[in-house]
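Participant: Can you read through this structure? Questions will come right after.
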Amino acid sequence: MSLAQNIKKTINYSRKNGYMEAFFAAWERVMAKYYRNYTYRQPDASELARQRGDQSITDICFSILVPAFETREVYMTALIESCLAQTYANWELVIADGSKSDIVKKVVSGYDDARIKYKKLSENGGIAGNTGKAIELATGDYCGLLDHDDMITPDALYEMAHAIKKKKDENKPILVYSDEDKCDSSGTSFYDPHFKLDFNLDLILTNNYICHFTVVETQTLKKLGIRTDYDGSQDYDLVLRIVSTLLLREKENVGAVCMEKKIVHVPKVLYHWRCHENSTADNPQSKMYAYEAGKKALIDFVDRMGWKGDVRHNKHLGFYRIEYRNNVLTHRPDLAAVGGFTVYHGKVAGGIYKGQPIVYAGYMNRMDLYQDTRLLDIRNMAVNKEYYSVYEEVTGHPYESTLYTDEKELPQWLKELDKTAGGRTQIALLGAKLCHRLLEKGGRLLLDPVCVRSVKGRADGPRK
């Protein structure tokens, strides 16, 4: 990202969150250097040739959906060329064009390939409306969502097809997503990779981290549709409705396949998100309406799930927080425990962010977000009532919440253990064992970054 882009983002951030927050955000960007030396490397010629010759799977057809509107010739050309370069041949490109001019039509007419379908729309329906028209024309087994100024890598559909094929019929995925990066307006320089987590329920409830490249089972997509009321965040709304459908099905039918098996992550960069002055990637302020639509979609999700909570914007644009009324555990029986950060000398004392300064937001702002985790610190944790017996079995002590928001001091036995030689190591091992047992019982662990407690037992207070 250029110096000018960084300055622009810092100014906008300071206006929204204050100069001190902006200082720490800028400091983190300079010091943390997340993937600063990233270079995108597509598979070499021999690997691409191998993929083209791989006949182990050819029966999955992909419909690549593109909602177009006055797309620049160079961008549409690059998009089409990226599809034609696919090593997996069973696809169709569906372009729904809401342009008043013939700029997109002229570009498409220059290609003689039966797999390219073009539809001139009578009016522009926005991203959501134009995508909806493309869905009507789709005949593939899965639909891939591609913005009109972006590109997919040559191995994108090959990797998607094999990720789908790996699953048994009963676990056939409904949604598959990949990692992504950004490229400059010329489409030649790649940076800011987003290496994503496998499906993480609470992370998706704070931000559409799934984003690009996403393919959705066509039958499901046609049934759910694209809602025009959520234009700008129509993809987030779609993902949330898929998630809620799976969660409710799982809740109502004990024998249903668990949600995590129906949503698959391909850990490879398969999508290039182009940055230019009008894109959200380069200028988040350019599409504030999209962030409001995302909030609206999340409110709808909370209502459908029957949870009691309010949704607000996070300090980072495009990120949200569900403020559960009373206690999150009273609304979320799927959670075995919730916990926050435990800090020592200003740095996170344990867990996946161990050693990170507490003032940091973390890679992709994850330290500021709710998320599923596999490890919580027993010194800052609340356990759901159904799991009290597991806590007592593992610790040998009656259950007491240590979560900061409960405003309780640490139990005496934890204080005494902390004072002994190797006490902190024993506490860490005990906490790890407890978390492992809670996960074995089928519960989720939720990391709430707002809850911050020092390891010496003094509450540091809510995170700003």
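By convention here, the chains of the structure tokens are called A, B, ... in the order presented, each chain's residues are numbered starting at 1, and ligands are numbered starting at 1 in the order presented.
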Near Asp418 of chain A, counting only C-alpha atoms, which residues have an atom at most 8 Å away, once you skip same-chain residues fewer than 5 positions from it, shown as a ChimeraX atom specification?
Facilitator: /A:423-424,427
Participant: Give me, as JSON, numbers by chain, all polymer residues having an atom no more than 12 Å from segment 351-359 of chain A, counting only C-alpha atoms and skipping those fewer than 5 positions away in the same chain.
Facilitator: {"A": [20, 21, 22, 23, 24, 25, 26, 27, 28, 31, 32, 339, 340, 341, 342, 343, 344, 345, 346, 365, 366, 367, 368, 371, 372, 373, 374, 375, 376, 377, 378, 379, 380, 428, 429, 431, 432, 435, 447, 449, 450, 451, 452, 453, 454, 460, 462, 463, 464]}
Participant: Residues of the last selection are to be written out with C-alpha atoms, as an mmCIF file, in the first residue's frame.
Facilitator:
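result_32.cif, freshly written:
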```
data_model
loop_
_atom_site.group_PDB
_atom_site.id
_atom_site.type_symbol
_atom_site.label_atom_id
_atom_site.label_comp_id
_atom_site.auth_asym_id
_atom_site.auth_seq_id
_atom_site.Cartn_x
_atom_site.Cartn_y
_atom_site.Cartn_z
ATOM 1 C CA MET A 20 -4.493 8.394 20.372
ATOM 2 C CA GLU A 21 -6.195 5.388 18.765
ATOM 3 C CA ALA A 22 -4.876 6.531 15.380
ATOM 4 C CA PHE A 23 -1.352 6.770 16.803
ATOM 5 C CA PHE A 24 -1.421 3.193 18.088
ATOM 6 C CA ALA A 25 -2.938 1.957 14.817
ATOM 7 C CA ALA A 26 -0.203 3.688 12.808
ATOM 8 C CA TRP A 27 2.463 2.445 15.227
ATOM 9 C CA GLU A 28 1.255 -1.127 14.835
ATOM 10 C CA MET A 31 6.148 -2.094 13.812
ATOM 11 C CA ALA A 32 4.144 -5.276 13.236
ATOM 12 C CA GLY A 339 -12.967 -15.398 28.157
ATOM 13 C CA GLY A 340 -10.906 -12.291 27.556
ATOM 14 C CA PHE A 341 -7.281 -11.259 27.462
ATOM 15 C CA THR A 342 -4.959 -11.729 30.382
ATOM 16 C CA VAL A 343 -2.039 -9.308 30.221
ATOM 17 C CA TYR A 344 1.380 -8.996 31.815
ATOM 18 C CA HIS A 345 3.441 -5.817 31.444
ATOM 19 C CA GLY A 346 1.171 -4.601 28.667
ATOM 20 C CA ASN A 365 -7.921 -6.502 13.386
ATOM 21 C CA ARG A 366 -8.667 -9.910 14.892
ATOM 22 C CA MET A 367 -7.467 -8.950 18.385
ATOM 23 C CA ASP A 368 -10.374 -6.487 18.506
ATOM 24 C CA GLN A 371 -13.942 -15.132 17.686
ATOM 25 C CA ASP A 372 -14.069 -18.838 18.346
ATOM 26 C CA THR A 373 -10.846 -20.053 19.903
ATOM 27 C CA ARG A 374 -9.346 -23.271 21.189
ATOM 28 C CA LEU A 375 -7.667 -21.766 24.229
ATOM 29 C CA LEU A 376 -8.816 -19.390 26.970
ATOM 30 C CA ASP A 377 -6.920 -18.306 30.091
ATOM 31 C CA ILE A 378 -8.509 -19.829 33.197
ATOM 32 C CA ARG A 379 -7.738 -16.542 35.002
ATOM 33 C CA ASN A 380 -10.210 -14.649 32.820
ATOM 34 C CA ALA A 428 -1.499 -22.539 31.829
ATOM 35 C CA LEU A 429 -1.521 -26.346 31.670
ATOM 36 C CA GLY A 431 -6.408 -24.006 31.584
ATOM 37 C CA ALA A 432 -5.369 -25.861 28.440
ATOM 38 C CA CYS A 435 -10.425 -25.920 27.331
ATOM 39 C CA LEU A 447 -12.753 -14.897 22.981
ATOM 40 C CA PRO A 449 -11.371 -8.878 23.509
ATOM 41 C CA VAL A 450 -13.140 -6.258 25.641
ATOM 42 C CA CYS A 451 -12.451 -8.218 28.837
ATOM 43 C CA VAL A 452 -8.897 -7.490 29.995
ATOM 44 C CA ARG A 453 -7.402 -8.616 33.310
ATOM 45 C CA SER A 454 -3.811 -8.450 34.523
ATOM 46 C CA ASP A 460 -7.385 -3.399 33.995
ATOM 47 C CA PRO A 462 -12.698 -2.691 29.546
ATOM 48 C CA ARG A 463 -10.598 -2.366 26.440
ATOM 49 C CA LYS A 464 -11.114 0.947 24.687
#
```
Participant: Using only C-alpha atoms, determine which residues lie at most 10 Å from Leu197 of chain A, disregarding the query and same-chain residues fewer than 3 positions distant; provide the list as a ChimeraX atom specification.
Facilitator: /A:178-179,194,200,203,209-210,265-267
Participant: From a DSSP calculation on the backbone, collect every residue of segment 51-275 of chain A in alpha helix (DSSP H) and output the set as a count of residues only.
Facilitator: 74
Participant: Rank A:Leu417, A:Leu201, A:Ile95, A:Leu430 by their smallest atom-to-atom distance to Leu335 of chain A, using only C-alpha atoms, and report the top residue only.
Facilitator: A:Leu201
Participant: Please provide the set of residues having any atom within 8 Å of Asp147 of chain A, restricted to only C-alpha atoms, with same-chain residues fewer than 4 positions apart removed, written as a ChimeraX atom specification.
Facilitator: /A:66-68
Participant: So which residues touch Asn207 of chain A within 7 Å, counting only C-alpha atoms, skipping near sequence neighbours fewer than 6 positions away, as a list in words?
Facilitator: Gly318, Phe319 and Tyr320 of chain A
Participant: Please, what distance in Å, to one decimal, runs between atom CA of Ser186 of chain A and atom CA of Met151 of chain A?
Facilitator: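 Distance between the two atoms: 11.6 Å.
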Participant: Nearest residue to Trp91 of chain A out of A:Asp44, A:Asp141, A:Glu73, A:Glu250, using only C-alpha atoms?
Facilitator: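 Of A:Asp44, A:Asp141, A:Glu73, A:Glu250, the one nearest Trp91 of chain A, counting only C-alpha atoms, is A:Asp141.
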Participant: Mind checking which residues fall within 12 Å of Glu260 of chain A, counting only C-alpha atoms, ignoring those fewer than 3 positions away in the same chain, and posting them as a PyMOL selection string?
Facilitator: chain A and resi 171-176+198-201+242-243+246-247+250+256-257+263-265+444
Participant: If you measure from atom CA of Gly396 of chain A to atom CA of Val383 of chain A, what distance in Å do you get, rounded to one decimal?
Facilitator: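 Atom CA of Val383 of chain A lies at a distance of 15.0 Å from atom CA of Gly396 of chain A.
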Participant: I'd like the neighbourhood of His331 of chain A as JSON, numbers by chain, where a residue qualifies if any of its atoms comes within 10 Å (using only C-alpha atoms), though same-chain residues fewer than 6 positions away should be ignored.
Facilitator: {"A": [305, 306, 307, 308, 309, 324, 325]}
Participant: Please, could you write that set of residues out with C-alpha atoms as a tab-separated table (two decimals), in the first residue's frame?
Facilitator:
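Dumped to selection36.tsv:
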```tsv
chain	number	residue	atom	x	y	z
A	305	MET	CA	-31.42	-16.81	15.96
A	306	GLY	CA	-33.60	-15.46	18.77
A	307	TRP	CA	-30.63	-13.93	20.58
A	308	LYS	CA	-31.11	-10.85	22.73
A	309	GLY	CA	-28.54	-8.29	21.73
A	324	TYR	CA	-25.48	-9.30	24.26
A	325	ARG	CA	-27.95	-8.23	26.89
```
Participant: Could you check which of A:Cys61, A:Lys408, A:Val215, A:Met381 is closest to Gly140 of chain A, using only C-alpha atoms?
Facilitator: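 Answer, going by the shortest atom-to-atom distance: A:Cys61.
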